[in-house]
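Dumped my_file-v8.txt below, it's compact mmCIF, C-alpha atoms:
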# COMPACT_ATOMS: atom_id res chain seq x y z
CA MET A 1239 113.66 138.51 -35.81
CA ALA A 1240 113.81 135.14 -34.06
CA VAL A 1241 116.98 133.15 -34.66
CA SER A 1242 116.75 129.39 -35.18
CA LYS A 1243 119.28 126.69 -34.44
CA GLU A 1244 119.22 125.78 -38.13
CA GLN A 1245 120.31 129.29 -39.10
CA VAL A 1246 123.24 129.11 -36.71
CA LEU A 1247 124.29 125.69 -38.01
CA GLY A 1248 124.00 127.02 -41.56
CA ALA A 1249 126.44 129.80 -40.73
CA LEU A 1250 128.81 127.38 -39.00
CA ALA A 1251 128.77 125.08 -42.05
CA LYS A 1252 130.58 127.86 -43.94
CA VAL A 1253 133.42 127.90 -41.40
CA ALA A 1254 136.30 125.56 -42.26
CA ALA A 1255 138.08 123.32 -39.75
CA PRO A 1256 141.91 123.20 -39.94
CA ASN A 1257 141.65 120.24 -42.36
CA GLY A 1258 139.27 122.16 -44.65
CA GLN A 1259 136.20 120.22 -43.55
CA PRO A 1260 133.03 122.19 -42.73
CA LEU A 1261 132.90 122.83 -38.99
CA THR A 1262 129.51 121.15 -38.71
CA GLU A 1263 130.95 117.93 -40.12
CA ALA A 1264 134.14 117.87 -38.04
CA GLY A 1265 132.56 116.15 -35.03
CA VAL A 1266 133.69 118.83 -32.59
CA LEU A 1267 130.54 120.86 -31.93
CA SER A 1268 128.49 120.58 -28.75
CA ASP A 1269 124.75 121.07 -28.80
CA VAL A 1270 123.96 124.59 -29.99
CA VAL A 1271 121.69 126.49 -27.61
CA VAL A 1272 119.77 129.47 -29.02
CA SER A 1273 117.62 131.64 -26.77
CA ASP A 1274 116.30 135.13 -27.53
CA GLY A 1275 119.12 135.89 -29.91
CA LYS A 1276 121.82 134.57 -27.60
CA VAL A 1277 123.85 131.62 -28.89
CA PHE A 1278 125.94 129.20 -26.80
CA PHE A 1279 128.07 126.25 -27.90
CA SER A 1280 131.55 124.78 -27.55
CA VAL A 1281 134.18 123.33 -29.88
CA SER A 1282 135.89 120.30 -28.32
CA VAL A 1283 139.32 119.38 -29.72
CA ASP A 1284 142.48 117.58 -28.68
CA ALA A 1285 144.79 119.72 -26.55
CA ALA A 1286 147.66 119.23 -28.96
CA THR A 1287 145.73 121.03 -31.74
CA VAL A 1288 144.48 124.03 -29.77
CA LYS A 1289 146.60 126.61 -31.61
CA ALA A 1290 145.25 125.46 -34.96
CA TRP A 1291 141.67 125.64 -33.72
CA GLU A 1292 141.72 129.08 -32.07
CA PRO A 1293 141.31 130.92 -35.43
CA VAL A 1294 138.42 128.56 -36.17
CA ARG A 1295 136.78 129.50 -32.89
CA ASN A 1296 137.16 133.18 -33.76
CA ALA A 1297 135.73 132.60 -37.23
CA ALA A 1298 132.81 130.62 -35.81
CA GLU A 1299 132.00 133.37 -33.33
CA ALA A 1300 132.12 136.01 -36.07
CA ALA A 1301 129.94 133.89 -38.38
CA VAL A 1302 127.30 133.42 -35.70
CA LYS A 1303 127.26 137.11 -34.76
CA ALA A 1304 126.67 137.93 -38.44
CA VAL A 1305 123.41 135.94 -38.47
CA PRO A 1306 120.49 138.42 -38.47
CA GLY A 1307 118.86 138.55 -35.06
CA VAL A 1308 121.85 137.24 -33.07
CA VAL A 1309 122.48 139.50 -30.07
CA SER A 1310 125.53 137.74 -28.62
CA ALA A 1311 127.52 134.53 -29.00
CA LEU A 1312 129.47 132.54 -26.41
CA VAL A 1313 131.83 130.08 -28.09
CA ALA A 1314 134.18 128.07 -25.90
CA LEU A 1315 137.19 126.15 -27.20
CA THR A 1316 137.39 123.00 -25.11
CA ALA A 1317 140.79 121.29 -25.06
CA GLU A 1318 141.04 117.64 -24.03
CA ARG A 1319 143.99 115.29 -23.93
CA ALA A 1320 143.80 111.95 -25.65
CA ALA A 1321 143.82 108.89 -23.41
CA GLY A 1322 147.36 108.03 -22.33
CA ALA A 1323 148.75 111.45 -23.20
CA SER A 1324 151.31 112.83 -20.79
CA ARG A 1325 150.14 115.44 -18.34
CA GLY A 1326 152.30 118.28 -17.22
CA PRO A 1327 151.42 121.45 -15.36
CA GLN A 1328 148.25 122.99 -16.78
CA PRO A 1329 147.70 126.70 -17.28
CA SER A 1330 144.97 128.42 -15.34
CA HIS A 1331 141.84 129.41 -17.23
CA GLY A 1332 141.89 132.76 -18.96
CA ALA A 1333 139.00 135.20 -18.92
CA GLY A 1334 136.73 135.62 -21.91
CA ASN A 1335 135.27 133.14 -24.34
CA ARG A 1336 138.15 130.66 -24.53
CA ALA A 1337 138.74 127.87 -22.05
CA ALA A 1338 141.69 126.08 -23.56
CA GLY A 1339 144.25 123.80 -21.95
CA THR A 1340 141.85 122.88 -19.18
CA PRO A 1341 142.89 120.04 -16.86
CA ALA A 1342 140.67 117.02 -16.56
CA ARG A 1343 138.03 118.12 -14.07
CA PRO A 1344 139.29 117.33 -10.58
CA ALA A 1345 136.64 115.92 -8.30
CA ALA A 1346 137.84 118.00 -5.39
CA ALA A 1347 140.24 120.86 -5.11
CA GLY A 1348 143.39 120.63 -3.14
CA HIS A 1349 144.46 116.99 -3.43
CA THR A 1350 142.72 114.16 -5.23
CA HIS A 1351 143.79 110.70 -6.33
CA GLY A 1352 142.80 109.02 -9.56
CA PRO A 1353 144.08 107.05 -12.54
CA GLN A 1354 145.73 110.18 -13.96
CA GLY A 1355 147.81 110.89 -10.85
CA HIS A 1356 147.50 113.51 -8.11
CA THR A 1357 145.90 116.95 -8.29
CA HIS A 1358 147.14 119.74 -6.03
CA ALA A 1359 146.05 123.36 -5.66
CA HIS A 1360 149.09 125.49 -4.99
CA PRO A 1361 149.01 129.25 -4.38
CA THR A 1362 151.08 131.27 -6.81
CA ASP A 1363 152.40 134.79 -6.61
CA LYS A 1364 149.83 135.96 -9.17
CA VAL A 1365 147.38 138.33 -7.47
CA LEU A 1366 143.85 137.89 -8.74
CA PRO A 1367 142.31 140.91 -10.50
CA GLY A 1368 139.13 142.22 -8.95
CA ILE A 1369 135.90 142.98 -10.79
CA PRO A 1370 135.69 146.70 -11.56
CA GLY A 1371 133.18 148.44 -9.32
CA ILE A 1372 132.74 145.52 -6.90
CA ASP A 1373 134.41 145.86 -3.51
CA ALA A 1374 133.95 142.27 -2.32
CA VAL A 1375 132.82 138.92 -3.72
CA ILE A 1376 131.58 136.14 -1.45
CA ALA A 1377 130.37 132.66 -2.35
CA VAL A 1378 127.57 130.64 -0.79
CA ALA A 1379 128.30 126.93 -1.19
CA SER A 1380 127.32 123.48 0.01
CA GLY A 1381 128.91 120.08 -0.20
CA LYS A 1382 125.71 118.52 -1.53
CA GLY A 1383 122.40 119.55 -3.06
CA GLY A 1384 119.05 119.76 -1.33
CA VAL A 1385 120.20 121.66 1.78
CA GLY A 1386 118.55 124.98 0.91
CA LYS A 1387 121.71 126.74 -0.22
CA SER A 1388 120.06 128.96 -2.82
CA THR A 1389 117.26 130.06 -0.50
CA THR A 1390 119.90 130.87 2.11
CA ALA A 1391 121.99 132.79 -0.44
CA VAL A 1392 119.02 134.92 -1.54
CA ASN A 1393 117.99 135.83 1.99
CA LEU A 1394 121.62 136.42 3.01
CA ALA A 1395 122.01 138.86 0.12
CA LEU A 1396 118.85 140.65 1.23
CA GLY A 1397 120.14 140.67 4.80
CA LEU A 1398 123.34 142.32 3.60
CA ARG A 1399 121.22 144.84 1.72
CA ASP A 1400 119.52 145.62 5.02
CA GLN A 1401 122.96 146.42 6.47
CA GLY A 1402 122.94 149.42 4.13
CA LEU A 1403 125.07 147.82 1.40
CA LYS A 1404 124.73 147.80 -2.39
CA VAL A 1405 124.45 144.10 -3.19
CA GLY A 1406 124.39 141.97 -6.35
CA MET A 1407 123.76 138.24 -6.88
CA LEU A 1408 125.27 135.90 -9.43
CA ASP A 1409 123.78 132.47 -10.04
CA ALA A 1410 126.83 130.30 -10.80
CA ASP A 1411 124.85 127.05 -10.96
CA ILE A 1412 124.90 126.61 -14.72
CA TYR A 1413 123.24 123.18 -14.70
CA GLY A 1414 120.47 124.08 -12.24
CA PRO A 1415 119.98 127.86 -11.98
CA SER A 1416 117.62 128.81 -9.13
CA LEU A 1417 117.50 132.60 -9.02
CA PRO A 1418 114.85 133.04 -11.76
CA LYS A 1419 112.47 130.95 -9.66
CA LEU A 1420 113.44 132.39 -6.27
CA PHE A 1421 112.88 135.95 -7.53
CA ALA A 1422 110.02 135.13 -9.93
CA ILE A 1423 111.95 136.72 -12.81
CA LYS A 1424 110.57 135.99 -16.27
CA GLU A 1425 112.11 138.75 -18.39
CA LYS A 1426 115.42 138.62 -20.21
CA PRO A 1427 118.34 140.94 -19.45
CA GLU A 1428 119.08 143.82 -21.79
CA THR A 1429 122.43 144.21 -23.50
CA VAL A 1430 124.70 147.24 -23.20
CA GLY A 1431 126.58 148.11 -26.36
CA GLY A 1432 125.77 144.70 -27.82
CA THR A 1433 128.50 142.99 -25.82
CA ARG A 1434 127.64 143.29 -22.11
CA LEU A 1435 124.60 142.24 -20.14
CA LYS A 1436 122.63 144.45 -17.80
CA PRO A 1437 121.61 142.68 -14.58
CA ILE A 1438 117.95 142.48 -13.62
CA GLU A 1439 116.97 144.29 -10.42
CA ARG A 1440 114.67 142.96 -7.69
CA TYR A 1441 114.26 144.17 -4.10
CA GLY A 1442 117.27 146.43 -4.46
CA LEU A 1443 119.57 143.63 -5.68
CA LYS A 1444 121.30 143.39 -9.07
CA ILE A 1445 120.89 139.82 -10.30
CA MET A 1446 122.35 137.72 -13.12
CA SER A 1447 121.73 134.06 -13.98
CA ILE A 1448 122.22 131.81 -16.99
CA GLY A 1449 118.57 130.94 -16.34
CA PHE A 1450 117.61 134.39 -17.65
CA LEU A 1451 119.11 133.54 -21.05
CA ILE A 1452 117.63 130.10 -21.73
CA ASP A 1453 114.23 128.48 -21.56
CA GLU A 1454 113.37 126.97 -18.19
CA GLU A 1455 113.32 123.40 -19.53
CA THR A 1456 116.44 123.65 -21.70
CA PRO A 1457 119.08 121.20 -20.41
CA MET A 1458 122.61 122.58 -20.19
CA ILE A 1459 124.57 119.71 -21.72
CA TRP A 1460 127.95 121.37 -21.40
CA ARG A 1461 131.41 120.14 -20.57
CA GLY A 1462 133.38 121.69 -17.73
CA PRO A 1463 135.30 124.25 -19.84
CA MET A 1464 132.03 125.59 -21.25
CA VAL A 1465 130.75 126.06 -17.71
CA ILE A 1466 133.97 127.86 -16.78
CA SER A 1467 133.65 130.17 -19.79
CA ALA A 1468 130.01 130.99 -18.97
CA ILE A 1469 130.78 131.80 -15.32
CA THR A 1470 133.74 133.94 -16.32
CA GLN A 1471 131.59 135.95 -18.73
CA MET A 1472 128.81 136.43 -16.19
CA LEU A 1473 131.38 137.70 -13.71
CA ARG A 1474 133.24 140.09 -15.99
CA ASP A 1475 130.94 140.87 -18.94
CA VAL A 1476 128.01 142.16 -16.89
CA GLU A 1477 127.40 145.84 -16.12
CA TRP A 1478 127.30 145.40 -12.34
CA GLY A 1479 127.97 149.06 -11.63
CA LYS A 1480 129.10 149.98 -8.11
CA LEU A 1481 128.53 147.20 -5.57
CA ASP A 1482 129.72 146.73 -2.03
CA ILE A 1483 129.24 142.95 -2.20
CA LEU A 1484 128.49 140.41 -4.93
CA VAL A 1485 126.96 137.22 -3.50
CA VAL A 1486 127.60 134.18 -5.71
CA ASP A 1487 125.20 131.24 -5.38
CA MET A 1488 127.46 128.29 -6.17
CA PRO A 1489 126.36 124.89 -7.45
CA PRO A 1490 126.63 122.08 -4.90
CA GLY A 1491 129.81 120.04 -4.66
CA THR A 1492 133.50 120.74 -5.21
CA GLY A 1493 134.15 120.92 -8.95
CA ASP A 1494 134.69 123.20 -11.95
CA ALA A 1495 132.58 126.13 -10.79
CA GLN A 1496 134.22 126.27 -7.37
CA LEU A 1497 137.71 126.10 -8.85
CA THR A 1498 136.80 128.76 -11.42
CA MET A 1499 135.70 131.14 -8.69
CA ALA A 1500 138.86 130.45 -6.71
CA GLN A 1501 141.01 131.11 -9.78
CA GLN A 1502 139.15 134.02 -11.36
CA VAL A 1503 138.30 136.45 -8.56
CA PRO A 1504 139.73 137.42 -5.16
CA LEU A 1505 136.96 135.93 -3.03
CA LYS A 1506 136.57 137.61 0.36
CA GLY A 1507 135.29 134.30 1.64
CA VAL A 1508 132.69 131.56 1.45
CA VAL A 1509 129.62 130.69 3.50
CA ILE A 1510 128.96 126.94 3.79
CA VAL A 1511 125.33 125.79 4.13
CA SER A 1512 124.49 122.39 5.62
CA THR A 1513 121.65 120.56 7.29
CA PRO A 1514 122.34 118.93 10.68
CA GLN A 1515 122.42 115.25 9.72
CA ASP A 1516 125.68 113.34 9.40
CA LEU A 1517 125.53 112.77 5.62
CA ALA A 1518 125.17 116.49 4.86
CA LEU A 1519 127.89 117.36 7.37
CA LEU A 1520 130.29 114.94 5.70
CA ASP A 1521 129.88 116.83 2.42
CA ALA A 1522 130.04 120.19 4.17
CA ARG A 1523 133.35 119.09 5.67
CA ARG A 1524 134.68 118.44 2.15
CA GLY A 1525 133.51 121.88 1.07
CA VAL A 1526 135.30 123.60 3.94
CA ALA A 1527 138.45 121.60 3.21
CA MET A 1528 138.35 122.46 -0.49
CA PHE A 1529 138.07 126.21 0.02
CA LYS A 1530 140.80 126.14 2.66
CA ARG A 1531 143.08 124.31 0.22
CA VAL A 1532 142.65 127.05 -2.37
CA ASN A 1533 143.18 129.80 0.23
CA VAL A 1534 139.59 131.08 0.31
CA PRO A 1535 138.59 132.18 3.83
CA VAL A 1536 135.62 130.31 5.28
CA LEU A 1537 133.33 133.02 6.69
CA GLY A 1538 131.27 130.47 8.54
CA VAL A 1539 128.71 127.66 8.49
CA VAL A 1540 124.91 127.98 8.47
CA GLU A 1541 122.75 125.14 9.79
CA ASN A 1542 119.65 125.16 7.57
CA MET A 1543 116.46 123.20 8.36
CA SER A 1544 117.86 123.11 11.88
CA TYR A 1545 114.57 122.28 13.59
CA PHE A 1546 110.82 122.24 12.93
CA LEU A 1547 108.22 124.12 14.95
CA CYS A 1548 104.69 122.79 14.48
CA PRO A 1549 102.52 125.74 13.35
CA GLU A 1550 99.51 124.21 15.14
CA CYS A 1551 100.86 123.26 18.56
CA GLY A 1552 104.30 124.86 18.70
CA THR A 1553 106.03 121.54 19.39
CA ARG A 1554 109.67 121.47 18.29
CA SER A 1555 110.95 118.47 16.30
CA ASP A 1556 114.58 117.95 15.28
CA ILE A 1557 113.76 116.22 12.00
CA PHE A 1558 117.33 116.21 10.68
CA ALA A 1559 118.91 116.05 14.15
CA HIS A 1560 120.17 119.34 15.58
CA GLY A 1561 123.38 121.15 16.32
CA GLY A 1562 125.56 119.09 13.99
CA ALA A 1563 126.68 122.09 11.91
CA ARG A 1564 127.57 124.08 15.03
CA HIS A 1565 129.65 121.19 16.35
CA GLU A 1566 131.31 120.71 12.96
CA ALA A 1567 132.15 124.42 12.72
CA GLU A 1568 133.74 124.32 16.16
CA ARG A 1569 135.68 121.17 15.25
CA LEU A 1570 136.98 122.76 12.03
CA GLY A 1571 137.78 126.07 13.67
CA VAL A 1572 135.43 128.18 11.54
CA PRO A 1573 132.63 130.54 12.69
CA PHE A 1574 129.11 129.25 13.25
CA LEU A 1575 126.74 131.79 11.72
CA GLY A 1576 123.34 130.60 12.90
CA GLU A 1577 120.39 128.22 12.68
CA VAL A 1578 117.53 128.54 10.19
CA PRO A 1579 114.40 126.52 11.00
CA LEU A 1580 112.46 124.27 8.64
CA HIS A 1581 109.31 126.34 8.25
CA MET A 1582 106.40 126.50 5.82
CA THR A 1583 106.63 130.27 5.46
CA ILE A 1584 110.22 130.14 4.19
CA ARG A 1585 109.37 127.35 1.75
CA GLU A 1586 106.15 128.94 0.47
CA LYS A 1587 107.74 132.35 0.02
CA SER A 1588 110.72 130.86 -1.81
CA ASP A 1589 108.50 128.85 -4.17
CA ALA A 1590 106.48 131.97 -4.95
CA GLY A 1591 109.56 134.08 -5.69
CA LEU A 1592 108.89 136.26 -2.65
CA PRO A 1593 111.95 135.88 -0.41
CA VAL A 1594 111.04 136.16 3.24
CA VAL A 1595 113.55 138.89 4.16
CA ALA A 1596 112.08 141.16 1.47
CA THR A 1597 108.38 140.37 1.87
CA GLU A 1598 108.11 139.73 5.63
CA PRO A 1599 110.88 141.97 6.94
CA ASP A 1600 109.43 142.19 10.46
CA GLY A 1601 108.97 138.43 10.86
CA PRO A 1602 111.15 136.09 12.94
CA HIS A 1603 112.72 134.40 9.91
CA ALA A 1604 113.87 137.67 8.39
CA LYS A 1605 115.55 138.50 11.68
CA ILE A 1606 117.45 135.19 11.62
CA TYR A 1607 118.79 135.89 8.13
CA ARG A 1608 119.70 139.48 9.02
CA ASP A 1609 121.60 138.26 12.08
CA ILE A 1610 123.52 135.82 9.85
CA ALA A 1611 124.25 138.62 7.38
CA ALA A 1612 125.57 140.82 10.19
CA LYS A 1613 127.95 138.05 11.28
CA VAL A 1614 129.11 137.53 7.69
CA LEU A 1615 129.77 141.24 7.31
CA SER A 1616 131.73 141.22 10.56
CA GLU A 1617 133.86 138.34 9.29
CA ILE A 1618 134.50 140.16 6.01
CA LYS A 1619 135.58 143.30 7.81
CA GLY A 1620 137.74 141.16 10.06
CA GLY A 1621 140.42 140.86 7.42
CA ALA A 1622 139.61 138.50 4.54
CA SER A 1623 142.27 139.42 2.01
CA SER A 1624 141.33 141.18 -1.20
CA GLY A 1625 144.75 140.52 -2.72
CA ARG A 1626 144.72 136.73 -2.53
CA ALA A 1627 147.04 134.89 -4.89
CA ALA A 1628 145.48 132.59 -7.43
CA PRO A 1629 145.73 128.85 -6.78
CA LYS A 1630 147.38 126.97 -9.61
CA ILE A 1631 146.03 123.50 -10.37
CA VAL A 1632 148.91 121.10 -11.00
CA ILE A 1633 148.47 117.48 -12.04
CA GLU A 1634 151.33 115.18 -11.12
CA ALA A 1635 151.77 111.82 -12.81
Let me see whether you can do it: turn the structure in this file into structure tokens.
Amino acid sequence: MAVSKEQVLGALAKVAAPNGQPLTEAGVLSDVVVSDGKVFFSVSVDAATVKAWEPVRNAAEAAVKAVPGVVSALVALTAERAAGASRGPQPSHGAGNRAAGTPARPAAAGHTHGPQGHTHAHPTDKVLPGIPGIDAVIAVASGKGGVGKSTTAVNLALGLRDQGLKVGMLDADIYGPSLPKLFAIKEKPETVGGTRLKPIERYGLKIMSIGFLIDEETPMIWRGPMVISAITQMLRDVEWGKLDILVVDMPPGTGDAQLTMAQQVPLKGVVIVSTPQDLALLDARRGVAMFKRVNVPVLGVVENMSYFLCPECGTRSDIFAHGGARHEAERLGVPFLGEVPLHMTIREKSDAGLPVVATEPDGPHAKIYRDIAAKVLSEIKGGASSGRAAPKIVIEA
């Protein structure tokens, strides 16, 4: 039985806010997303009233799950401070559906300046819990979009698979998920026991993405805490099984998703993807700095779209300049992992959902990605800590 948004709102209208008002009339609900029996929405309230609203969140979740046809419900409680409210130390995000007490989203981890004061990421003595069954988690990130990060992440994961490892992939880009397209996945994941999701398998990889749960054209109009809650659930409420490595395709930039990963799991490290031109390198530099500030090892930098070889005459053109990422890696004291050319085959295969490492394993491009994967694996084995302490985000007035 298909579930409609109207049915969900009808159930939520029977849930009372702390003042007795129907939840749907309290002005706190985000847009309700319904897709194949899976329901997503958030409740946004003032931070001072969080304790009063937590039972409401629980009641809302129970009411939605009781609607015939609903398979699962993700309800986040978003806590915001009123303008001018004092800001003290903020608690780190807890796992599960609730994302309460969340600090105003810092533009960059480590140290930022703004009208609310200064934001610092300090390590604490709290050791991050791992994900059961997963030996190592690595992130693939970029300072800006459009540098081919997701294509690199997919082929890196396949390259790690070719090293004889059991590999999974998580698409952490909630606003712009890419893995459904890059793997040509149309089906929806199954549920296990009604509460956990089963990843979809392609080319020997176990894959999960928010894009599997929503329609391709559905906009994710979510606040930061809702994003945090979704990423946390996809990390910990998925039946990953036994994996040697989970590769996480991060969204571009240095925001909520990156901080969530740094706070929620003991990352073995991060791979930074950049193109050679100065503008991309500037953003890559910020990405390296952010992960260093939150004590995540930088496994290395990949220069994507490094050069172009004309398929007709073989002439090489450095369209986006060349060698900038290598120079930047050397300057920052992090490994340089390799150069990936700008080539029609990589682009065409990616657009068709046929990643080049899987579908042209004997070609020159697959070899490049496998060489990068071998270097990443070497860096991981070189001592990235699995018992890293969680960074605590503190906002100082």
Quiz item: Pick from A:Phe1450, A:Trp1291, A:Tyr1545, A:Phe1574: nearest to Val1511 (chain A), with only C-alpha atoms counted?
Solution: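 Between A:Phe1450, A:Trp1291, A:Tyr1545, A:Phe1574, the residue approaching Val1511 (chain A) most closely is A:Phe1574.
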Let me have the centre and edge lengths in Å, one decimal, of the box along x, y and z around every listed atom of region 1268-1286 of chain A with 5 Å of margin on each side, as lines of an AutoDock Vina configuration file.
center_x = 132.0
center_y = 126.7
center_z = -28.3
size_x = 41.4
size_y = 28.3
size_z = 13.4
Quiz item: Phe1278 (chain A): which residues within 7 Å, counting only C-alpha atoms, same-chain residues fewer than 5 positions away excluded, as a list of chain:residue names?
Solution: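 That gives A:Val1270, A:Val1271, A:Val1272, A:Ala1311, A:Leu1312, A:Val1313.
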Using all atoms listed in the file, what does the table of region 1360-1403 of chain A residues within 9 Å of region 1585-1597 of chain A look like, with each row giving the shortest atom pair and its distance in Å to one decimal, sorted by chain and ascending number, as JSON lines?
{"residue": "A:Thr1389", "atom": "CA", "partner": "A:Ser1588", "partner_atom": "CA", "distance": 6.7}
{"residue": "A:Val1392", "atom": "CA", "partner": "A:Pro1593", "partner_atom": "CA", "distance": 7.2}
{"residue": "A:Asn1393", "atom": "CA", "partner": "A:Val1595", "partner_atom": "CA", "distance": 5.8}
{"residue": "A:Leu1394", "atom": "CA", "partner": "A:Val1595", "partner_atom": "CA", "distance": 8.5}
{"residue": "A:Leu1396", "atom": "CA", "partner": "A:Val1595", "partner_atom": "CA", "distance": 6.3}
{"residue": "A:Gly1397", "atom": "CA", "partner": "A:Val1595", "partner_atom": "CA", "distance": 6.9}
Quiz prompt | All residues 10 Å or closer to region 1415-1426 of chain A, all atoms listed in the file, same chain fewer than 6 positions away omitted, as number ranges by chain | solution = A: 1273-1274, 1388-1389, 1391-1392, 1407-1409, 1435-1441, 1445-1454, 1487-1489, 1587-1593
Practice problem: Place a sphere of radius 10 Å on (123.4, 124.9, 12.0) in the file coordinates and name every protein, DNA or RNA residue with an atom inside or on its surface, counting all atoms listed in the file; give the answer as a PyMOL selection string. | Solution: chain A and resi 1511-1515+1519+1539-1545+1560-1567+1574-1579
Exercise. Mind checking which residues fall within 12 Å of Trp1460 (chain A), counting all atoms listed in the file, ignoring those fewer than 3 positions away in the same chain, and posting them as a list in words?
Key: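 With the cut-off at 12 Å, the set is Leu1267, Ser1268, Asp1269, Val1270, Val1271, Phe1278, Phe1279, Ser1280, Val1281, Ser1282, Val1313, Ala1314, Leu1315, Thr1316, Ile1412, Tyr1413, Thr1456, Pro1457, Pro1463, Met1464, Val1465, Ile1466, Ser1467, Ala1468 and Asp1494 of chain A.
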Quiz item: By how many Å are CA of Ala1249 (chain A) and CA of Arg1295 (chain A) apart?
Solution: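 Between CA of Ala1249 (chain A) and CA of Arg1295 (chain A) the gap is 13.0 Å.
Ranking A:Ala1410, A:Ala1298, A:Ala1264, A:Ala1500 by their shortest atom-to-atom distance to Gln1471 (chain A), with all atoms listed in the file included, puts A:Ala1410 first.
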